[in-house]
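Chemist: The file below is input_27.cif, mmCIF, C-alpha atoms and all ligand atoms:
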```
data_structure
#
loop_
_atom_site.label_atom_id
_atom_site.label_comp_id
_atom_site.auth_asym_id
_atom_site.auth_seq_id
_atom_site.Cartn_x
_atom_site.Cartn_y
_atom_site.Cartn_z
CA MET A 1 80.10 75.10 92.02
CA SER A 2 78.87 76.38 88.66
CA ALA A 3 79.62 74.30 85.54
CA ARG A 4 81.99 76.85 84.00
CA PRO A 5 84.71 78.67 85.90
CA LEU A 6 83.73 82.11 87.15
CA GLY A 7 85.17 84.99 85.11
CA VAL A 8 87.22 87.11 87.52
CA ALA A 9 88.86 90.53 87.17
CA LEU A 10 91.38 92.01 89.62
CA VAL A 11 91.53 95.78 90.05
CA GLY A 12 94.70 96.94 91.84
CA TYR A 13 98.03 95.17 91.43
CA GLY A 14 100.24 96.88 94.00
CA TYR A 15 101.54 95.20 97.14
CA TRP A 16 98.52 93.00 97.97
CA GLY A 17 96.91 92.35 94.56
CA PRO A 18 99.60 89.81 93.49
CA ASN A 19 98.65 87.60 96.45
CA LEU A 20 95.03 87.53 95.31
CA LEU A 21 96.02 86.84 91.71
CA ARG A 22 98.34 83.98 92.69
CA ASN A 23 95.51 82.23 94.54
CA TYR A 24 92.74 82.79 92.00
CA ALA A 25 95.03 81.80 89.10
CA GLU A 26 95.53 78.40 90.74
CA MET A 27 91.84 77.64 91.20
CA ALA A 28 89.91 75.56 88.68
CA GLU A 29 86.65 77.30 89.67
CA ALA A 30 88.02 80.70 88.57
CA ASP A 31 89.19 82.04 85.25
CA VAL A 32 91.08 85.31 85.68
CA LYS A 33 90.17 87.38 82.62
CA TRP A 34 91.61 90.80 83.46
CA VAL A 35 94.03 92.64 85.71
CA CYS A 36 93.58 96.40 85.89
CA ASP A 37 95.98 98.93 87.40
CA LEU A 38 96.67 102.60 86.76
CA ARG A 39 100.41 101.88 86.56
CA PRO A 40 101.60 100.27 83.30
CA GLU A 41 104.76 98.98 85.00
CA GLN A 42 102.61 96.88 87.33
CA LEU A 43 100.61 95.50 84.40
CA ALA A 44 103.85 94.56 82.66
CA LYS A 45 104.67 92.29 85.60
CA VAL A 46 101.33 90.49 85.17
CA GLY A 47 101.88 90.15 81.42
CA ALA A 48 105.28 88.56 81.93
CA ARG A 49 103.92 85.94 84.31
CA PHE A 50 100.37 85.37 83.04
CA PRO A 51 100.35 86.03 79.26
CA SER A 52 96.74 84.91 78.78
CA ILE A 53 95.33 87.53 81.18
CA GLN A 54 94.08 90.75 79.53
CA LEU A 55 95.54 93.97 80.92
CA SER A 56 93.94 97.38 81.30
CA GLU A 57 94.58 100.76 82.87
CA ASP A 58 90.87 101.55 82.68
CA CYS A 59 88.45 99.94 85.08
CA THR A 60 85.45 100.70 82.85
CA GLU A 61 86.82 98.45 80.10
CA VAL A 62 86.91 95.58 82.58
CA LEU A 63 83.47 96.23 84.04
CA THR A 64 81.77 96.26 80.64
CA ASP A 65 83.11 92.83 79.68
CA PRO A 66 80.24 90.30 79.95
CA ALA A 67 82.79 87.53 80.51
CA VAL A 68 83.57 89.05 83.91
CA ASP A 69 81.29 87.69 86.65
CA ALA A 70 83.19 88.91 89.70
CA VAL A 71 85.59 91.75 90.54
CA LEU A 72 88.32 91.75 93.18
CA VAL A 73 89.19 95.24 94.45
CA ALA A 74 92.70 95.64 95.90
CA THR A 75 93.23 99.38 95.45
CA PRO A 76 93.81 102.00 98.21
CA ILE A 77 90.93 102.42 100.70
CA SER A 78 89.85 105.82 99.37
CA THR A 79 88.97 104.20 96.00
CA HIS A 80 87.11 101.10 97.27
CA HIS A 81 83.63 102.64 97.32
CA LEU A 82 83.80 104.08 93.81
CA ILE A 83 85.17 100.92 92.17
CA ALA A 84 82.99 98.47 94.14
CA LYS A 85 79.87 100.54 93.45
CA ALA A 86 80.61 100.69 89.72
CA ALA A 87 81.19 96.92 89.67
CA LEU A 88 77.92 96.17 91.48
CA GLU A 89 76.05 98.54 89.16
CA ALA A 90 77.56 96.61 86.23
CA GLY A 91 76.06 93.42 87.71
CA LYS A 92 79.32 91.91 89.02
CA HIS A 93 79.84 90.12 92.32
CA VAL A 94 82.40 92.03 94.39
CA PHE A 95 85.23 91.12 96.71
CA VAL A 96 86.73 94.24 98.26
CA GLU A 97 89.84 94.45 100.40
CA LYS A 98 89.68 95.55 104.02
CA PRO A 99 88.62 97.99 105.30
CA MET A 100 85.60 97.87 103.02
CA THR A 101 85.25 101.65 102.60
CA ALA A 102 86.47 104.94 104.05
CA ASP A 103 83.27 105.50 106.05
CA ALA A 104 80.14 103.73 107.22
CA ALA A 105 77.75 105.56 104.89
CA GLN A 106 79.70 104.27 101.87
CA ALA A 107 79.75 100.75 103.30
CA ARG A 108 76.00 100.79 103.87
CA GLU A 109 75.41 101.94 100.30
CA LEU A 110 77.39 98.97 98.97
CA VAL A 111 75.52 96.53 101.24
CA GLU A 112 72.16 97.86 100.06
CA LEU A 113 73.21 97.88 96.42
CA ALA A 114 74.43 94.28 96.53
CA ALA A 115 71.20 93.17 98.24
CA ALA A 116 69.02 95.02 95.73
CA ARG A 117 70.87 93.41 92.80
CA GLY A 118 71.10 89.94 94.35
CA LEU A 119 74.92 90.04 94.13
CA THR A 120 77.55 88.70 96.49
CA LEU A 121 79.56 91.29 98.40
CA MET A 122 82.53 90.06 100.41
CA VAL A 123 85.26 91.85 102.38
CA GLY A 124 88.88 90.71 102.63
CA HIS A 125 89.03 90.17 106.37
CA THR A 126 91.78 87.64 105.75
CA PHE A 127 92.44 86.67 109.36
CA VAL A 128 88.95 85.20 109.65
CA PHE A 129 90.25 82.52 107.26
CA SER A 130 93.47 81.89 109.15
CA PRO A 131 93.62 78.37 110.69
CA PRO A 132 94.63 79.50 114.23
CA VAL A 133 91.86 82.10 114.29
CA ARG A 134 89.41 79.41 113.15
CA LYS A 135 90.70 77.07 115.86
CA VAL A 136 90.05 79.70 118.55
CA LYS A 137 86.53 80.19 117.15
CA GLU A 138 85.98 76.44 117.41
CA LEU A 139 87.16 76.42 121.04
CA ILE A 140 84.89 79.34 121.93
CA ASP A 141 81.89 77.79 120.15
CA GLN A 142 82.50 74.43 121.87
CA ASP A 143 82.43 76.26 125.23
CA VAL A 144 85.97 75.09 126.05
CA LEU A 145 86.78 78.53 127.48
CA GLY A 146 83.37 79.06 129.13
CA ASP A 147 81.88 82.56 129.18
CA ILE A 148 84.35 85.03 127.72
CA TYR A 149 85.31 87.71 130.26
CA PHE A 150 87.72 89.80 128.20
CA ILE A 151 90.19 89.82 125.30
CA THR A 152 93.42 91.77 124.92
CA THR A 153 95.36 91.93 121.70
CA GLN A 154 98.63 93.50 120.56
CA ARG A 155 99.44 94.29 116.94
CA VAL A 156 102.64 96.32 117.11
CA ASN A 157 105.91 96.48 115.20
CA LEU A 158 108.25 99.00 113.64
CA GLY A 159 105.85 99.37 110.73
CA LEU A 160 105.41 101.48 107.68
CA HIS A 161 103.82 104.84 108.56
CA GLN A 162 100.81 105.36 106.28
CA ARG A 163 100.51 108.81 104.74
CA ASP A 164 96.75 109.18 104.71
CA VAL A 165 95.30 107.14 107.61
CA SER A 166 96.00 106.63 111.31
CA VAL A 167 97.25 103.36 112.75
CA VAL A 168 93.63 102.64 113.73
CA TRP A 169 92.50 102.34 110.10
CA ASP A 170 95.64 100.51 109.07
CA LEU A 171 95.97 97.81 111.74
CA ALA A 172 92.74 97.58 113.75
CA PRO A 173 90.53 96.18 110.92
CA HIS A 174 92.27 92.82 111.43
CA ASP A 175 91.62 92.66 115.17
CA LEU A 176 88.07 94.01 114.94
CA SER A 177 87.15 91.42 112.32
CA ILE A 178 88.72 88.64 114.41
CA LEU A 179 86.96 89.72 117.61
CA TYR A 180 83.57 90.10 115.90
CA TYR A 181 83.96 86.68 114.28
CA TRP A 182 84.90 84.98 117.55
CA LEU A 183 82.22 86.67 119.63
CA ASP A 184 79.41 86.67 117.04
CA GLU A 185 78.72 90.28 117.95
CA ALA A 186 80.06 93.74 117.21
CA ALA A 187 81.18 96.22 119.88
CA SER A 188 78.65 98.77 121.08
CA SER A 189 81.09 101.51 122.13
CA VAL A 190 84.75 102.44 121.98
CA VAL A 191 87.25 104.60 123.84
CA VAL A 192 90.59 105.31 122.18
CA THR A 193 93.67 107.09 123.40
CA GLY A 194 96.67 107.49 121.18
CA ARG A 195 99.29 109.83 119.92
CA ALA A 196 100.94 111.04 116.73
CA CYS A 197 104.58 110.59 117.81
CA ILE A 198 106.37 110.97 114.48
CA VAL A 199 104.18 112.53 111.77
CA PRO A 200 101.89 115.35 112.97
CA GLU A 201 98.17 114.49 112.73
CA ILE A 202 98.78 110.82 111.84
CA PRO A 203 98.47 108.86 115.12
CA ASP A 204 100.95 105.97 115.15
CA VAL A 205 99.95 104.40 118.48
CA ALA A 206 96.42 103.69 119.70
CA PHE A 207 94.88 101.87 122.65
CA ILE A 208 91.40 100.87 121.55
CA ASN A 209 88.99 99.83 124.30
CA LEU A 210 85.76 98.14 123.29
CA LYS A 211 82.56 97.20 125.11
CA PHE A 212 80.29 94.49 123.74
CA PRO A 213 76.55 94.05 124.32
CA SER A 214 77.20 90.70 126.06
CA GLY A 215 79.43 92.38 128.67
CA VAL A 216 82.74 91.27 127.11
CA VAL A 217 85.39 93.99 127.14
CA ALA A 218 88.43 94.08 124.87
CA GLU A 219 91.52 96.14 124.23
CA ILE A 220 93.46 96.39 120.99
CA GLN A 221 96.95 97.90 121.09
CA ALA A 222 97.95 99.04 117.63
CA SER A 223 101.24 100.72 116.78
CA TRP A 224 103.82 101.27 114.06
CA LEU A 225 106.37 102.05 116.78
CA SER A 226 107.69 99.05 118.65
CA PRO A 227 111.12 97.46 119.06
CA VAL A 228 109.62 94.02 118.45
CA LYS A 229 106.81 92.58 116.36
CA LEU A 230 103.96 91.34 118.56
CA ARG A 231 100.82 89.63 117.28
CA ARG A 232 99.55 88.35 120.55
CA THR A 233 96.01 87.83 121.82
CA ILE A 234 94.80 86.63 125.21
CA VAL A 235 91.26 85.38 125.68
CA VAL A 236 90.13 84.91 129.27
CA GLY A 237 87.05 82.80 129.92
CA SER A 238 85.25 81.46 132.97
CA LYS A 239 86.57 77.92 132.35
CA LYS A 240 89.93 78.35 130.62
CA MET A 241 92.27 80.96 129.19
CA LEU A 242 93.98 81.08 125.83
CA LEU A 243 97.02 82.63 124.18
CA TYR A 244 97.10 83.07 120.40
CA ASP A 245 100.53 84.20 119.19
CA ASP A 246 100.65 84.56 115.43
CA THR A 247 104.43 85.09 115.42
CA GLU A 248 105.01 81.54 116.70
CA ASN A 249 105.88 79.00 114.00
CA VAL A 250 104.26 76.12 115.84
CA GLU A 251 102.01 76.19 118.89
CA LYS A 252 100.30 79.38 117.77
CA VAL A 253 97.40 78.63 120.11
CA LYS A 254 97.82 77.51 123.73
CA VAL A 255 94.92 76.71 126.04
CA PHE A 256 95.62 77.13 129.74
CA ASP A 257 93.51 75.25 132.25
CA HIS A 258 93.89 78.18 134.59
CA GLY A 259 91.21 80.01 136.51
CA VAL A 260 90.10 81.68 139.67
CA ARG A 261 86.87 81.18 141.57
CA VAL A 262 85.29 82.44 144.73
CA THR A 263 84.87 79.75 147.34
CA GLU A 264 82.31 79.89 150.17
CA PRO A 265 82.56 83.11 152.23
CA SER A 266 84.31 82.37 155.52
CA GLY A 267 82.43 85.10 157.34
CA PHE A 268 80.41 88.26 156.82
CA GLY A 269 81.98 90.38 154.08
CA GLU A 270 84.84 87.96 153.54
CA PHE A 271 85.55 85.72 150.61
CA GLN A 272 88.20 83.22 149.64
CA LEU A 273 89.63 82.81 146.17
CA SER A 274 90.82 79.52 144.80
CA TYR A 275 93.42 79.61 142.01
CA ARG A 276 93.79 76.78 139.51
CA THR A 277 96.89 76.35 137.32
CA GLY A 278 96.45 73.14 135.36
CA ASP A 279 97.60 71.78 132.01
CA ILE A 280 98.67 73.87 129.04
CA VAL A 281 97.59 72.30 125.76
CA SER A 282 98.46 73.39 122.22
CA PRO A 283 95.90 72.04 119.73
CA LYS A 284 97.10 70.72 116.38
CA ILE A 285 96.44 73.21 113.61
CA ASP A 286 96.84 72.26 109.95
CA TYR A 287 98.18 75.14 107.95
CA THR A 288 96.63 76.27 104.67
CA GLU A 289 97.12 79.77 103.33
CA PRO A 290 94.22 81.93 104.59
CA LEU A 291 93.92 83.58 101.17
CA ARG A 292 93.12 80.20 99.63
CA PHE A 293 90.23 79.67 102.07
CA GLU A 294 89.13 83.26 101.50
CA ALA A 295 89.03 82.79 97.71
CA GLU A 296 87.17 79.47 98.06
CA GLU A 297 84.61 81.15 100.30
CA PHE A 298 84.00 83.94 97.76
CA LEU A 299 83.53 81.52 94.86
CA SER A 300 81.33 79.08 96.75
CA ALA A 301 79.18 81.87 98.24
CA ILE A 302 78.51 83.07 94.67
CA ALA A 303 77.80 79.54 93.43
CA GLU A 304 75.46 78.80 96.34
CA GLY A 305 73.83 82.24 96.36
CA ARG A 306 74.53 82.71 100.08
CA HIS A 307 76.26 85.34 102.18
CA PRO A 308 79.99 84.72 102.69
CA VAL A 309 81.33 84.63 106.27
CA THR A 310 82.90 88.07 105.81
CA ASP A 311 79.94 89.61 104.02
CA GLY A 312 79.19 93.26 103.41
CA GLU A 313 77.41 93.56 106.78
CA SER A 314 80.55 92.43 108.60
CA GLY A 315 82.57 94.92 106.54
CA LEU A 316 80.12 97.64 107.56
CA GLU A 317 80.40 96.71 111.26
CA VAL A 318 84.19 97.02 111.11
CA VAL A 319 84.10 100.32 109.21
CA ALA A 320 81.51 101.80 111.62
CA SER A 321 83.77 100.74 114.52
CA LEU A 322 86.84 102.30 112.90
CA GLU A 323 84.93 105.51 112.32
CA ALA A 324 83.82 105.65 115.97
CA ALA A 325 87.35 104.73 117.15
CA GLU A 326 88.90 107.51 115.06
CA TYR A 327 86.35 109.98 116.44
CA SER A 328 87.23 109.02 120.02
CA LEU A 329 90.95 109.22 119.25
CA ARG A 330 90.57 112.73 117.83
CA ASN A 331 88.35 113.88 120.72
CA ASP A 332 90.38 113.23 123.86
CA GLY A 333 89.34 109.60 124.22
CA CYS A 334 85.63 110.27 124.65
CA GLU A 335 83.41 107.18 124.81
CA GLN A 336 81.79 106.86 121.39
CA ALA A 337 78.81 104.65 120.64
CA ILE A 338 79.24 102.54 117.53
CA HIS A 339 76.34 103.06 115.14
CA ARG A 340 76.01 101.08 111.95
CA SER A 341 74.90 104.34 110.38
CA GLY A 342 78.35 105.68 111.30
CA CYS A 343 79.25 108.82 113.21
CA ALA A 344 80.37 111.01 110.33
CA HIS A 345 77.68 113.51 111.39
CA LEU A 346 79.74 114.14 114.55
CA ARG A 347 82.78 115.29 112.62
CA PRO A 348 83.56 118.99 112.84
CA SER A 349 82.74 120.56 109.46
N1 LIG B 1 93.91 91.42 103.61
C1 LIG B 1 95.11 91.78 104.00
O1 LIG B 1 95.73 91.18 104.87
C2 LIG B 1 95.74 92.98 103.35
C3 LIG B 1 97.11 93.20 103.43
C4 LIG B 1 97.63 94.33 102.80
C5 LIG B 1 96.81 95.22 102.15
N2 LIG B 1 95.46 94.98 102.12
C6 LIG B 1 94.54 95.92 101.45
O2 LIG B 1 94.73 95.86 100.06
C7 LIG B 1 94.41 97.13 99.47
C8 LIG B 1 95.59 97.57 98.62
O3 LIG B 1 96.71 97.75 99.46
P1 LIG B 1 98.18 97.74 98.85
O4 LIG B 1 99.09 97.77 100.03
O5 LIG B 1 98.30 96.68 97.83
O6 LIG B 1 98.22 99.17 98.13
P2 LIG B 1 99.23 99.60 96.95
O7 LIG B 1 99.20 101.10 96.96
O8 LIG B 1 100.53 98.89 97.06
O9 LIG B 1 98.51 99.07 95.62
C9 LIG B 1 97.32 99.60 95.15
C10 LIG B 1 97.35 99.50 93.63
O10 LIG B 1 96.09 99.97 93.14
C11 LIG B 1 96.35 100.74 91.96
N3 LIG B 1 95.19 101.64 91.76
C12 LIG B 1 94.87 102.75 92.48
N4 LIG B 1 93.72 103.29 92.02
C13 LIG B 1 93.33 102.50 90.99
C14 LIG B 1 92.23 102.55 90.09
N5 LIG B 1 91.29 103.49 90.19
N6 LIG B 1 92.13 101.58 89.13
C15 LIG B 1 93.08 100.62 89.04
N7 LIG B 1 94.16 100.54 89.85
C16 LIG B 1 94.27 101.47 90.80
C17 LIG B 1 97.65 101.45 92.22
O11 LIG B 1 98.28 101.82 91.02
C18 LIG B 1 98.43 100.37 92.98
O12 LIG B 1 99.21 99.59 92.11
C19 LIG B 1 94.11 98.07 100.65
O13 LIG B 1 92.73 98.12 100.86
C20 LIG B 1 94.77 97.38 101.83
O14 LIG B 1 94.15 97.70 103.08
C21 LIG B 1 94.93 93.88 102.68
#
```
Before anything else, please render the file you have as C-alpha cells.
Modeler:
Amino acid sequence: MSARPLGVALVGYGYWGPNLLRNYAEMAEADVKWVCDLRPEQLAKVGARFPSIQLSEDCTEVLTDPAVDAVLVATPISTHHLIAKAALEAGKHVFVEKPMTADAAQARELVELAAARGLTLMVGHTFVFSPPVRKVKELIDQDVLGDIYFITTQRVNLGLHQRDVSVVWDLAPHDLSILYYWLDEAASSVVVTGRACIVPEIPDVAFINLKFPSGVVAEIQASWLSPVKLRRTIVVGSKKMLLYDDTENVEKVKVFDHGVRVTEPSGFGEFQLSYRTGDIVSPKIDYTEPLRFEAEEFLSAIAEGRHPVTDGESGLEVVASLEAAEYSLRNDGCEQAIHRSGCAHLRPS
C-alpha cells in the first residue's frame, strides 16, 4: 500500500454508486475526494451524509483535480467509454462498472489506453469477489470436481425491464464473468435464442449456449420474467458435481460425490454404466461483502502496479461475448464466433 491514501472520485451516484461510496469511505487506504452526478438531488444525499466530500455535476472538474488518483465509474453503460477514456487520458486509474463498455471496440480502446499510460483498469465484475464463487474456483483449481464437463446457470426473477438493453446485457455479464473466472478461459462461440415477450424489440428472456476451447459447454438462462427468483448454478465434473445457489442463506455451495462411469464392455457393442451417489458436503464459507474485496483488489493492484483479477482484458472478453450473444439473439439463434475484436462489423447498417 502507498504511504498516503489514494485520492478517489466517484462518478455516478444512482442505484449502485452509493454501494461503492460506502465501501471506499470506510477504507483507510482511500480518501474519497469527489462525488459527481448530473442530478443535484443525488449530490445532496452525499452532502448530507459525507460533508467533507466535494460535489460536482461536471466530470471535467473532477478529472482535472491533481488530488484525484483514481476514478470509479458507476454511470449507465452507454456513458462508460466516454468517462473512462477521459479519466485515463487525465492520468487517473479507472474502475468501471460492468459491463465495461457498450461494445468490444470501445473496450479494446480502453485496454490499450490504460496499457500505454501504465494505469490500472479494472471492471466491476462483483461476483468474482463473492465468497461462494471464490470457493467454487478453489474447488475447481484443486481438482475436486475433476475435468469440468458442463455448467448450467439460471439467473431469473420478475425483474425490472431495462429500457435500452436486452436481458443479455443486463444479466449475463455476471454469469459470463463467473464462468470465465472459474474456467480460466473465455467462450469461443455462442448460440442464443430468446424472445421479447413484453416490450417489443427488448428481449426479456434468453437461453445463452456457450462453447469453450477446452470442450466445456455451458448454458445461461437469463430472464426478467419468472414467478420465482433463481440464482442457481450446476457444475458437472468427471469426479464430482456441484450446486451453487446464491439465494440460500447458508449452504450456498454443495458438493455431490455423484458420478457415472462406463465399466468394462460386457460384449461387442455393449457397455455398462455404474452410477455413484455418495456424500453431499457443504463447505464452510466465511461471508464478507464482495464489494469490500473488490475495492481492496482495486487499491492493491494500483499500489503493486499489477493487473487486478477483473482487469480490462476480462472486461473486454465479457463485452465481446455479450456482443456476439446479442448478434445471435437478433439473428435467429445463429452460432456466432466470439472475437475479441467484437462483431460490430456484422451488424446491419
Ligand atoms: N456490480 C454490480 O453488481 C452492479 C449492480 C447494479 C448496477 N451495476 C452497474 O452500475 C452502473 C450504474 O447502474 P445504476 O443502476 O446505478 O444506474 P442509475 O441510472 O441508477 O445511476 C446512474 C447515475 O449516473 C448519473 N450519470 C449519468 N451520466 C452521468 C455523467 N455523464 N456524469 C455524472 N453522472 C452521470 C445519473 O444521474 C445517475 O444518478 C451500470 O453500469 C450498472 O450495470 C453494477
Chemist: Hey, which of A:Pro51, A:Pro290, A:Pro200, A:Gly14 ends up closest to ligand LIG 1 (chain B)? Count all atoms listed in the file.
Modeler: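 Checking each candidate against ligand LIG 1 (chain B), we get A:Gly14 as the closest.
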Chemist: What does the distance between atom O2 of ligand LIG 1 (chain B) and CA of Phe207 in chain A come to in Å, to one decimal place?
Modeler: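 Atom O2 of ligand LIG 1 (chain B) sits 23.4 Å away from CA of Phe207 in chain A.
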Chemist: Write out as JSON, numbers by chain each polymer residue (protein, DNA or RNA) that has an atom no more than 7 Å from ligand LIG 1 (chain B), with all atoms listed in the file counted.
Modeler: {"A": [11, 12, 13, 14, 15, 16, 17, 36, 37, 38, 39, 42, 57, 58, 59, 74, 75, 76, 77, 79, 83, 97, 98, 99, 124, 125, 126, 170]}
Chemist: Save out the residues we just selected, C-alpha atoms, as a PDB file, in the coordinates of the input.
Modeler:
```
ATOM      1  CA  VAL A  11      91.530  95.780  90.050  1.00  0.00           C
ATOM      2  CA  GLY A  12      94.700  96.940  91.840  1.00  0.00           C
ATOM      3  CA  TYR A  13      98.030  95.170  91.430  1.00  0.00           C
ATOM      4  CA  GLY A  14     100.240  96.880  94.000  1.00  0.00           C
ATOM      5  CA  TYR A  15     101.540  95.200  97.140  1.00  0.00           C
ATOM      6  CA  TRP A  16      98.520  93.000  97.970  1.00  0.00           C
ATOM      7  CA  GLY A  17      96.910  92.350  94.560  1.00  0.00           C
ATOM      8  CA  CYS A  36      93.580  96.400  85.890  1.00  0.00           C
ATOM      9  CA  ASP A  37      95.980  98.930  87.400  1.00  0.00           C
ATOM     10  CA  LEU A  38      96.670 102.600  86.760  1.00  0.00           C
ATOM     11  CA  ARG A  39     100.410 101.880  86.560  1.00  0.00           C
ATOM     12  CA  GLN A  42     102.610  96.880  87.330  1.00  0.00           C
ATOM     13  CA  GLU A  57      94.580 100.760  82.870  1.00  0.00           C
ATOM     14  CA  ASP A  58      90.870 101.550  82.680  1.00  0.00           C
ATOM     15  CA  CYS A  59      88.450  99.940  85.080  1.00  0.00           C
ATOM     16  CA  ALA A  74      92.700  95.640  95.900  1.00  0.00           C
ATOM     17  CA  THR A  75      93.230  99.380  95.450  1.00  0.00           C
ATOM     18  CA  PRO A  76      93.810 102.000  98.210  1.00  0.00           C
ATOM     19  CA  ILE A  77      90.930 102.420 100.700  1.00  0.00           C
ATOM     20  CA  THR A  79      88.970 104.200  96.000  1.00  0.00           C
ATOM     21  CA  ILE A  83      85.170 100.920  92.170  1.00  0.00           C
ATOM     22  CA  GLU A  97      89.840  94.450 100.400  1.00  0.00           C
ATOM     23  CA  LYS A  98      89.680  95.550 104.020  1.00  0.00           C
ATOM     24  CA  PRO A  99      88.620  97.990 105.300  1.00  0.00           C
ATOM     25  CA  GLY A 124      88.880  90.710 102.630  1.00  0.00           C
ATOM     26  CA  HIS A 125      89.030  90.170 106.370  1.00  0.00           C
ATOM     27  CA  THR A 126      91.780  87.640 105.750  1.00  0.00           C
ATOM     28  CA  ASP A 170      95.640 100.510 109.070  1.00  0.00           C
TER      29      ASP A 170
END
```
Chemist: Rounded to one decimal, what separation in Å do you get between CA of Thr310 in chain A and CA of Glu335 in chain A?
Modeler: 27.0 Å
Chemist: Which is closest to Thr152 in chain A among A:Cys343, A:Leu322, A:Ala115, A:Val236, if we use all atoms listed in the file?
Modeler: A:Val236
Chemist: Return the single residue from A:Thr120, A:Ser78, A:Asn209, A:Ser166 that is closest to Thr101 in chain A, with distances computed using all atoms listed in the file.
Modeler: A:Ser78
